[in-house]
Amino acid sequence: MKTVFSGIQPSGNLTLGNYIGAIKNFVTLQNEYKCNFSVVDLHAITVPQDPAALQEQSEAVASIYIAAGIDPGKANVYMQSHVRQHAQLGWLLTTLTSMGELERMTQFKDKSAGKESVGAGLFVYPSLMAADILLYNTDLVPVGEDQKQHLELTRDLAGRFNSRYGEYFTLPEPYIPEVGARIMSLDDASKKMSKSNPNPGSAIALLDTPDEIRKKISRATTDSGREVKYDPANKPEVSNLITIYSQCAGLSIAEVEQRYEGQMYGPFKKDLAEAVVGLLEPIQQRYRDIRESGEIRSIMRQGAERASEVAERTLQDVQKLMGFLPE
Ligand code: ATP
Ligand code: MG
């Protein structure tokens, strides 16, 4: 059976962008692939995190995975830090990565821009991400469009390892949805929606109340035109809202355009808010049930145990190929 790996950082409240770009596809893929869905806490600490908040967010992300429909009987759900081989292989791959490659990463440029002090972890993040993926000899990586460049580096590192030490790693393929791979901020359609954006109005959080969702959508930026038309170059804000609508209501872009032909933004936004509320309410209900049941810790423990078996085998193989003395 082919293998899938993906992860989400417990760096804030998950957004609709995380759901549409990533989690939604996790749920589809779990039926056909051996899936590993990690809560990547080692990545989250590449920017400062409050320890208590990190703990809470870690449980929240894992619980959202389950609430969104990931079946822990099919897929491994676990904390990245609980499978120690991630950090170990991360170091080995860091030594294969060049500074120039890391300097070209747009995520690093975006996240370090304007900062007085930038952690070295943020810089080497892509090597750790490569390790996350290669540890399981992953075939497919469901991610949003922003992760494409990191995935290309992962393939380069796998190829470099293979040519230096012998064919070992599978070169993973990205799985990027055709629609919704880059949901934009509600207040600025030139930036992607991000859970670490400090402006709460920029993103719909998966755990926002129906009223918060309605308020955020009614305040979302549009343009001075009046056509509900998908045209990302000229109408980026409205196009983004159409994309969200299409993904929440299960309609094509053309169907959304058709439905609002000749109508103004008001009724469109109103219906959009209800489509988002309709999608999120059942997820939120299941989320509350899971948190109350207290089951998530044991789900993650089992996930980590199963993932560790594969991870340990890979790490031992890699160390042997690189010339490390066996223990
Ligand atoms: P942060 O701001 O902390 O980096 P984030 O919202 O970018 O948070 P990540 O944990 O970095 O979330 O990414 C988790 C997954 O969600 C990745 O697959 C990423 O590509 C996807 N993703 C993130 N933002 C979006 C978005 N706006 N649209 C679609 N997919 C997204
Ligand atoms: Mg991100």
# chains A, B, ... in the order shown; residues from 1 in each chain; ligands from 1
>>> closest_atom_pairs(of="chain A", to="ligand 1", cutoff="8 Å", atoms="only C-alpha atoms and all ligand atoms", output="CSV")
residue,atom,partner,partner_atom_place_in_ligand_line,distance
A:Ser6,CA,ligand 1,18 (O),7.0
A:Gly7,CA,ligand 1,14 (C),6.3
A:Ile8,CA,ligand 1,10 (O),3.8
A:Gln9,CA,ligand 1,10 (O),3.8
A:Pro10,CA,ligand 1,10 (O),6.8
A:Ser11,CA,ligand 1,3 (O),4.8
A:Gly12,CA,ligand 1,3 (O),6.5
A:Leu14,CA,ligand 1,6 (O),6.7
A:Thr15,CA,ligand 1,6 (O),6.5
A:Leu16,CA,ligand 1,26 (C),7.6
A:Gly17,CA,ligand 1,26 (C),3.9
A:Asn18,CA,ligand 1,16 (O),3.9
A:Tyr19,CA,ligand 1,16 (O),7.1
A:Ile20,CA,ligand 1,29 (C),6.0
A:Gly21,CA,ligand 1,30 (N),3.4
A:Ala22,CA,ligand 1,18 (O),4.9
A:Ile23,CA,ligand 1,16 (O),7.5
A:Val40,CA,ligand 1,10 (O),7.7
A:Ala44,CA,ligand 1,3 (O),6.8
A:Pro142,CA,ligand 1,18 (O),6.4
A:Val143,CA,ligand 1,18 (O),3.3
A:Gly144,CA,ligand 1,20 (O),3.1
A:Glu145,CA,ligand 1,20 (O),5.6
A:Asp146,CA,ligand 1,20 (O),5.1
A:Gln147,CA,ligand 1,20 (O),4.9
A:Lys148,CA,ligand 1,20 (O),7.8
A:Gly180,CA,ligand 1,29 (C),5.9
A:Ala181,CA,ligand 1,29 (C),4.3
A:Arg182,CA,ligand 1,28 (N),3.6
A:Ile183,CA,ligand 1,28 (N),3.8
A:Met184,CA,ligand 1,27 (N),5.4
A:Ser185,CA,ligand 1,27 (N),7.2
A:Lys192,CA,ligand 1,27 (N),4.4
A:Met193,CA,ligand 1,27 (N),3.9
A:Ser194,CA,ligand 1,6 (O),3.6
A:Lys195,CA,ligand 1,6 (O),4.1
A:Ser196,CA,ligand 1,2 (O),3.9
A:Asn197,CA,ligand 1,2 (O),6.2
>>> residues_around(residues="Leu128 (chain A)", least_positions_apart="2", cutoff="8 Å", atoms="only C-alpha atoms", output="mmCIF file with N, CA and C atoms, in the first residue's frame")
data_model
loop_
_atom_site.group_PDB
_atom_site.id
_atom_site.type_symbol
_atom_site.label_atom_id
_atom_site.label_comp_id
_atom_site.auth_asym_id
_atom_site.auth_seq_id
_atom_site.Cartn_x
_atom_site.Cartn_y
_atom_site.Cartn_z
ATOM 1 N N HIS A 43 8.128 21.863 14.241
ATOM 2 C CA HIS A 43 8.091 22.983 13.290
ATOM 3 C C HIS A 43 7.508 24.235 13.941
ATOM 4 N N HIS A 86 12.085 11.757 13.751
ATOM 5 C CA HIS A 86 11.919 12.938 12.888
ATOM 6 C C HIS A 86 13.104 13.892 13.078
ATOM 7 N N ALA A 87 13.410 14.181 14.342
ATOM 8 C CA ALA A 87 14.492 15.134 14.615
ATOM 9 C C ALA A 87 15.839 14.531 14.209
ATOM 10 N N LEU A 89 16.511 12.164 11.804
ATOM 11 C CA LEU A 89 16.699 12.191 10.349
ATOM 12 C C LEU A 89 16.784 13.636 9.861
ATOM 13 N N GLY A 90 16.083 14.517 10.544
ATOM 14 C CA GLY A 90 16.142 15.941 10.199
ATOM 15 C C GLY A 90 17.584 16.445 10.221
ATOM 16 N N TRP A 91 18.321 16.045 11.268
ATOM 17 C CA TRP A 91 19.712 16.485 11.357
ATOM 18 C C TRP A 91 20.539 15.914 10.204
ATOM 19 N N LEU A 93 19.609 15.046 7.276
ATOM 20 C CA LEU A 93 19.290 15.697 5.998
ATOM 21 C C LEU A 93 19.752 17.158 5.984
ATOM 22 N N THR A 94 19.812 17.778 7.156
ATOM 23 C CA THR A 94 20.333 19.155 7.220
ATOM 24 C C THR A 94 21.763 19.186 6.686
ATOM 25 N N VAL A 124 16.357 26.163 8.840
ATOM 26 C CA VAL A 124 16.543 24.745 8.464
ATOM 27 C C VAL A 124 15.229 23.949 8.456
ATOM 28 N N TYR A 125 14.142 24.604 8.761
ATOM 29 C CA TYR A 125 12.805 23.991 8.734
ATOM 30 C C TYR A 125 12.599 23.038 7.535
ATOM 31 N N PRO A 126 12.953 23.461 6.295
ATOM 32 C CA PRO A 126 12.678 22.566 5.158
ATOM 33 C C PRO A 126 13.413 21.227 5.225
ATOM 34 N N ALA A 130 11.605 17.647 5.118
ATOM 35 C CA ALA A 130 12.017 16.561 4.224
ATOM 36 C C ALA A 130 12.114 15.256 5.019
ATOM 37 N N ALA A 131 12.659 15.355 6.224
ATOM 38 C CA ALA A 131 12.783 14.159 7.068
ATOM 39 C C ALA A 131 11.410 13.601 7.431
ATOM 40 N N ASP A 132 10.470 14.480 7.755
ATOM 41 C CA ASP A 132 9.107 14.040 8.104
ATOM 42 C C ASP A 132 8.572 13.131 7.001
#
>>> closest_residue(among="A:Thr3, A:Thr97, A:Gln107, A:Thr243", to="ligand 2", atoms="only C-alpha atoms and all ligand atoms")
A:Gln107
>>> atom_distance(atom1="CA of Leu134 (chain A)", atom2="CA of Lys74 (chain A)")
20.2 Å
>>> residues_around(residues="Arg306 (chain A)", least_positions_apart="5", cutoff="10 Å", atoms="only C-alpha atoms", output="PyMOL selection string")
chain A and resi 36+75-78+83+300-301+311
>>> closest_residue(among="A:Val277, A:Ile242, A:Met264, A:Leu206", to="Val179 (chain A)", atoms="only C-alpha atoms")
A:Ile242
>>> closest_residue(among="A:Gln49, A:Asn137, A:Thr28, A:Thr106", to="ligand 2", atoms="only C-alpha atoms and all ligand atoms")
A:Thr106
>>> residues_around(residues="Ala62 (chain A)", least_positions_apart="3", cutoff="7 Å", atoms="only C-alpha atoms", output="list of chain:residue names")
A:Val39, A:Ser58, A:Glu59, A:Tyr65, A:Ile66, A:Val77
>>> closest_residue(among="A:Asp271, A:Glu281, A:Asp231, A:Glu178", to="Leu207 (chain A)", atoms="only C-alpha atoms")
A:Glu281
>>> closest_residue(among="A:Ser252, A:Gln284, A:Met129, A:Val310", to="ligand 2", atoms="only C-alpha atoms and all ligand atoms")
A:Met129
>>> select_by_dssp(residues="region 11-231 of chain A", states="alpha helix (DSSP H)", output="ChimeraX atom specification")
/A:16-18,24-29,41-44,51-67,85-94,99-103,106-112,120-134,148-165,210-219
>>> residues_around(residues="Thr170 (chain A)", least_positions_apart="4", cutoff="10 Å", atoms="only C-alpha atoms", output="VMD selection string")
chain A and resid 133 to 134 136 to 140 155 158 to 159 162
>>> closest_residue(among="A:Asp71, A:Phe5, A:Gly278, A:Ala52", to="Val27 (chain A)", atoms="only C-alpha atoms")
A:Asp71
>>> residues_around(residues="Leu96 (chain A)", least_positions_apart="4", cutoff="8 Å", atoms="only C-alpha atoms", output="ChimeraX atom specification")
/A:92,157,160-161
>>> residues_around(residues="Lys216 (chain A)", least_positions_apart="6", cutoff="12 Å", atoms="only C-alpha atoms", output="ChimeraX atom specification")
/A:185-187,199-205,208-210,241,269-270,272-273,276-277
>>> write_last_selection(atoms="N, CA, C and O atoms", output="PDB file, in the first residue's frame")
ATOM      1  N   SER A 185      -6.206  35.687   2.609  1.00  0.00           N
ATOM      2  CA  SER A 185      -6.710  36.384   3.798  1.00  0.00           C
ATOM      3  C   SER A 185      -7.976  37.156   3.458  1.00  0.00           C
ATOM      4  O   SER A 185      -8.109  37.681   2.352  1.00  0.00           O
ATOM      5  N   LEU A 186      -8.859  37.280   4.442  1.00  0.00           N
ATOM      6  CA  LEU A 186     -10.117  38.001   4.192  1.00  0.00           C
ATOM      7  C   LEU A 186      -9.904  39.514   4.141  1.00  0.00           C
ATOM      8  O   LEU A 186     -10.700  40.241   3.554  1.00  0.00           O
ATOM      9  N   ASP A 187      -8.819  39.973   4.763  1.00  0.00           N
ATOM     10  CA  ASP A 187      -8.577  41.421   4.792  1.00  0.00           C
ATOM     11  C   ASP A 187      -7.544  41.859   3.757  1.00  0.00           C
ATOM     12  O   ASP A 187      -7.338  43.052   3.557  1.00  0.00           O
ATOM     13  N   ASN A 199      -4.027  39.189  13.104  1.00  0.00           N
ATOM     14  CA  ASN A 199      -5.344  39.822  12.930  1.00  0.00           C
ATOM     15  C   ASN A 199      -6.433  38.751  12.804  1.00  0.00           C
ATOM     16  O   ASN A 199      -6.494  38.060  11.782  1.00  0.00           O
ATOM     17  N   PRO A 200      -7.288  38.596  13.829  1.00  0.00           N
ATOM     18  CA  PRO A 200      -8.298  37.524  13.762  1.00  0.00           C
ATOM     19  C   PRO A 200      -9.270  37.701  12.592  1.00  0.00           C
ATOM     20  O   PRO A 200      -9.841  36.725  12.104  1.00  0.00           O
ATOM     21  N   GLY A 201      -9.452  38.931  12.129  1.00  0.00           N
ATOM     22  CA  GLY A 201     -10.369  39.176  11.014  1.00  0.00           C
ATOM     23  C   GLY A 201      -9.827  38.667   9.675  1.00  0.00           C
ATOM     24  O   GLY A 201     -10.550  38.623   8.687  1.00  0.00           O
ATOM     25  N   SER A 202      -8.556  38.267   9.649  1.00  0.00           N
ATOM     26  CA  SER A 202      -7.943  37.832   8.383  1.00  0.00           C
ATOM     27  C   SER A 202      -8.329  36.404   8.030  1.00  0.00           C
ATOM     28  O   SER A 202      -8.206  36.003   6.874  1.00  0.00           O
ATOM     29  N   ALA A 203      -8.755  35.643   9.042  1.00  0.00           N
ATOM     30  CA  ALA A 203      -8.987  34.212   8.808  1.00  0.00           C
ATOM     31  C   ALA A 203     -10.258  33.744   9.491  1.00  0.00           C
ATOM     32  O   ALA A 203     -10.630  34.265  10.547  1.00  0.00           O
ATOM     33  N   ILE A 204     -10.900  32.741   8.901  1.00  0.00           N
ATOM     34  CA  ILE A 204     -11.985  32.061   9.603  1.00  0.00           C
ATOM     35  C   ILE A 204     -11.352  30.875  10.309  1.00  0.00           C
ATOM     36  O   ILE A 204     -10.706  30.031   9.674  1.00  0.00           O
ATOM     37  N   ALA A 205     -11.473  30.863  11.638  1.00  0.00           N
ATOM     38  CA  ALA A 205     -10.935  29.735  12.386  1.00  0.00           C
ATOM     39  C   ALA A 205     -11.971  28.615  12.364  1.00  0.00           C
ATOM     40  O   ALA A 205     -13.176  28.879  12.385  1.00  0.00           O
ATOM     41  N   ASP A 208     -14.408  29.014  15.129  1.00  0.00           N
ATOM     42  CA  ASP A 208     -15.186  30.248  15.289  1.00  0.00           C
ATOM     43  C   ASP A 208     -16.673  29.926  15.456  1.00  0.00           C
ATOM     44  O   ASP A 208     -17.176  28.979  14.837  1.00  0.00           O
ATOM     45  N   THR A 209     -17.371  30.732  16.265  1.00  0.00           N
ATOM     46  CA  THR A 209     -18.814  30.530  16.419  1.00  0.00           C
ATOM     47  C   THR A 209     -19.524  30.988  15.135  1.00  0.00           C
ATOM     48  O   THR A 209     -18.970  31.787  14.374  1.00  0.00           O
ATOM     49  N   PRO A 210     -20.751  30.507  14.916  1.00  0.00           N
ATOM     50  CA  PRO A 210     -21.489  30.946  13.721  1.00  0.00           C
ATOM     51  C   PRO A 210     -21.559  32.468  13.612  1.00  0.00           C
ATOM     52  O   PRO A 210     -21.389  33.017  12.520  1.00  0.00           O
ATOM     53  N   LEU A 241     -13.461  34.548  -2.245  1.00  0.00           N
ATOM     54  CA  LEU A 241     -14.730  34.187  -1.588  1.00  0.00           C
ATOM     55  C   LEU A 241     -15.492  33.146  -2.414  1.00  0.00           C
ATOM     56  O   LEU A 241     -16.116  32.240  -1.857  1.00  0.00           O
ATOM     57  N   LYS A 269     -22.574  37.108   0.022  1.00  0.00           N
ATOM     58  CA  LYS A 269     -21.834  36.961   1.274  1.00  0.00           C
ATOM     59  C   LYS A 269     -22.685  36.286   2.353  1.00  0.00           C
ATOM     60  O   LYS A 269     -22.193  35.503   3.155  1.00  0.00           O
ATOM     61  N   LYS A 270     -23.962  36.629   2.351  1.00  0.00           N
ATOM     62  CA  LYS A 270     -24.869  36.046   3.341  1.00  0.00           C
ATOM     63  C   LYS A 270     -24.944  34.530   3.183  1.00  0.00           C
ATOM     64  O   LYS A 270     -24.823  33.774   4.141  1.00  0.00           O
ATOM     65  N   LEU A 272     -22.786  32.688   1.587  1.00  0.00           N
ATOM     66  CA  LEU A 272     -21.441  32.136   1.818  1.00  0.00           C
ATOM     67  C   LEU A 272     -21.257  31.838   3.306  1.00  0.00           C
ATOM     68  O   LEU A 272     -20.787  30.759   3.687  1.00  0.00           O
ATOM     69  N   ALA A 273     -21.649  32.806   4.142  1.00  0.00           N
ATOM     70  CA  ALA A 273     -21.509  32.609   5.590  1.00  0.00           C
ATOM     71  C   ALA A 273     -22.271  31.363   6.034  1.00  0.00           C
ATOM     72  O   ALA A 273     -21.765  30.558   6.817  1.00  0.00           O
ATOM     73  N   VAL A 276     -20.408  28.209   5.078  1.00  0.00           N
ATOM     74  CA  VAL A 276     -19.264  27.939   5.962  1.00  0.00           C
ATOM     75  C   VAL A 276     -19.768  27.404   7.304  1.00  0.00           C
ATOM     76  O   VAL A 276     -19.259  26.404   7.826  1.00  0.00           O
ATOM     77  N   VAL A 277     -20.793  28.046   7.847  1.00  0.00           N
ATOM     78  CA  VAL A 277     -21.361  27.598   9.130  1.00  0.00           C
ATOM     79  C   VAL A 277     -21.856  26.150   8.992  1.00  0.00           C
ATOM     80  O   VAL A 277     -21.598  25.301   9.853  1.00  0.00           O
TER      81      VAL A 277
END
